[in-house]
Structures are given as C-alpha cells and as structure tokens.
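A quick write-up on the structure given underneath.
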Amino acid sequence: MINEDTVYLLRECNSSAQMAVHAIDEILEKIKNQKLYKLLSISKNHHEQLGGELHELLHKFGDPAKDPGVVAKGMSWIKTNARLMLDNSDQVCASLITDGCHMGVKTMHRLLNEFLAADRTARNKAKELIQMEENLACELKPYL
C-alpha cells in the first residue's frame with residue numbers, strides 16, 4: 001500500500017530540488033568570480049542528481065514528477081531580476097541564493113513535521129536536501 005505522506009513529501013522534495021536548479025541557473029550567467037561560479041555549478045549538479053533520485057522514487061510509486069509551479073518560478077524570476085537590475089554583483093547573487101537556501105531549509109523542516117507518516121526513504125531525502133541547502137548557505141558566506 002502506498003503511503004500518501006511519502007508521495008507528498010517526495011513531490012515537495014523534488015519541487016524544491018528543481019527550484020534550486022532553476023535559481024542557480026538564473027544566477028550562474030551573472031557570476032564573475034570563478035570560485036563562486038564553480039561552487040554554484042557543483043551545487044547545481046548535486047541538486048540535479050538528487051532530483052533524478054527523487055524522480056526514480058516517485059516513478060516507483062506511480063507518481064509522475066512535476067515541475068514546480070509557474071507562480072513559484074515566476075516570483076523567483078521577478079525577485080532575482082529586480083535585485084540584479086539594481087546591483088549585478090556577485091555579492092547580490094550569493095545573497096539571493098542564500099535566501100533561497102534558508103527558504104528551502106525552512107520549508108523542508110515544515111514538511112517533515114507535516115508528513116510524519118512518510119517512510120524512512122522520503123524522510124532521508126528531505127534531510128539530505130536540508131543538508132545540501134545548509135552547506136551551500138555556509139559556503140556562500142565569504143561571498144556575501
């Protein structure tokens with residue numbers, strides 16, 4: 001029997017990982033510092049890898065993995081481009097990604113509390129995503 005909490009948590013993890021990839025993609029072309037560019041590229045790859053694992057798990061449960069909502073992507077795009085129009089610096093780019101990391105961590109913790117019946121695999125994937133976001137936020141501190 002499929003546990004609905006498991007599927008919901010996996011969907012949300014997948015959506016969050018995709019949003020991270022989308023946000024980093026938006027920023028990468030604007031980065032001037034090569035170390036920062038490499039850091040974000042590696043993080044993007046890790047998020048893509050996790051997203052692939054989440055897609056496989058969702059497929060196993062017969063659930064099609066979906067893209068994040070158009071509204072969420074649109075709001076992210078507006079915030080990013082508005083801030084970068086005022087200041088197109090690496091510092092602002094790092095700040096935007098750090099804000100996204102904090103939002104992702106907060107969201108994943110809320111979802112872990114909401115979907116208490118999710119299985120161990122789904123909960124571990126959420127915790128893995130939290131760890132990735134916390135690590136990235138820490139690694140971005142020198143660029144803020």
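Here's how to read the names in the structure tokens: chain A, B, ... by the order shown, residue numbers from 1 in each chain, ligand numbers from 1 in the order shown.
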Check your understanding: What lies within 10 Å of Ile24 (chain A) using only C-alpha atoms, ignoring chain neighbours under 2 positions off, as number ranges by chain?
Key -> A: 18-22, 26-29, 37, 40-41, 43-44, 47, 93-94, 96-97, 100
**Study point:** Residue list (helix (DSSP H, G or I), DSSP) for region 4-143 of chain A, as JSON, numbers by chain
**Key:** {"A": [4, 5, 6, 7, 8, 9, 10, 11, 12, 13, 14, 15, 16, 17, 18, 19, 20, 21, 22, 23, 24, 25, 26, 27, 28, 34, 35, 36, 37, 38, 39, 40, 41, 42, 43, 44, 45, 46, 47, 48, 49, 50, 51, 52, 53, 54, 55, 56, 57, 58, 59, 60, 70, 71, 72, 73, 74, 75, 76, 77, 78, 79, 80, 81, 82, 83, 84, 85, 86, 90, 91, 92, 93, 94, 95, 96, 97, 98, 99, 100, 101, 102, 103, 104, 105, 106, 107, 108, 109, 110, 111, 112, 113, 114, 120, 121, 122, 123, 124, 125, 126, 127, 128, 129, 130, 131, 132, 133, 134, 135, 136, 137, 138, 139, 140, 141, 142, 143]}
Determine, counting only C-alpha atoms, which protein, DNA and RNA residues have an atom within 7 Å of an atom of region 110-115 of chain A; residues of the same chain fewer than 4 positions away are not included. Present the result as a short mmCIF file (atom, residue, chain, number, x, y, z; two decimals) with N, CA, C and O atoms, in the first residue's frame.
data_model
loop_
_atom_site.label_atom_id
_atom_site.label_comp_id
_atom_site.auth_asym_id
_atom_site.auth_seq_id
_atom_site.Cartn_x
_atom_site.Cartn_y
_atom_site.Cartn_z
N ASP A 5 1.64 10.22 2.61
CA ASP A 5 2.63 11.15 3.16
C ASP A 5 3.97 10.99 2.45
O ASP A 5 4.66 11.98 2.18
N LEU A 9 5.67 14.04 0.39
CA LEU A 9 6.99 14.54 0.79
C LEU A 9 7.98 14.43 -0.37
O LEU A 9 8.75 15.35 -0.63
N LYS A 106 13.75 25.90 5.69
CA LYS A 106 12.54 26.14 6.48
C LYS A 106 11.37 25.31 5.94
O LYS A 106 10.65 24.65 6.70
N ARG A 123 11.86 10.61 4.11
CA ARG A 123 12.35 11.49 5.17
C ARG A 123 13.85 11.72 5.03
O ARG A 123 14.34 12.83 5.22
#
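Closest to Pro142 (chain A) among A:Asn88, A:Asn45, A:Asn33, A:Thr80 is A:Asn33, based on only C-alpha atoms.
Interatomic distance, CA of Lys141 (chain A) to CA of Leu10 (chain A): 29.2 Å.
For the pair CA of Glu139 (chain A) and CA of Gln91 (chain A), the interatomic distance is 13.0 Å.
With only C-alpha atoms as the atoms that count, the minimum distance from Met85 (chain A) to the choices A:His55, A:Arg120, A:Lys30, A:His109 is reached by A:Lys30.
If you look at CA of Ser15 (chain A) and CA of Leu136 (chain A), they are 17.9 Å away from each other.
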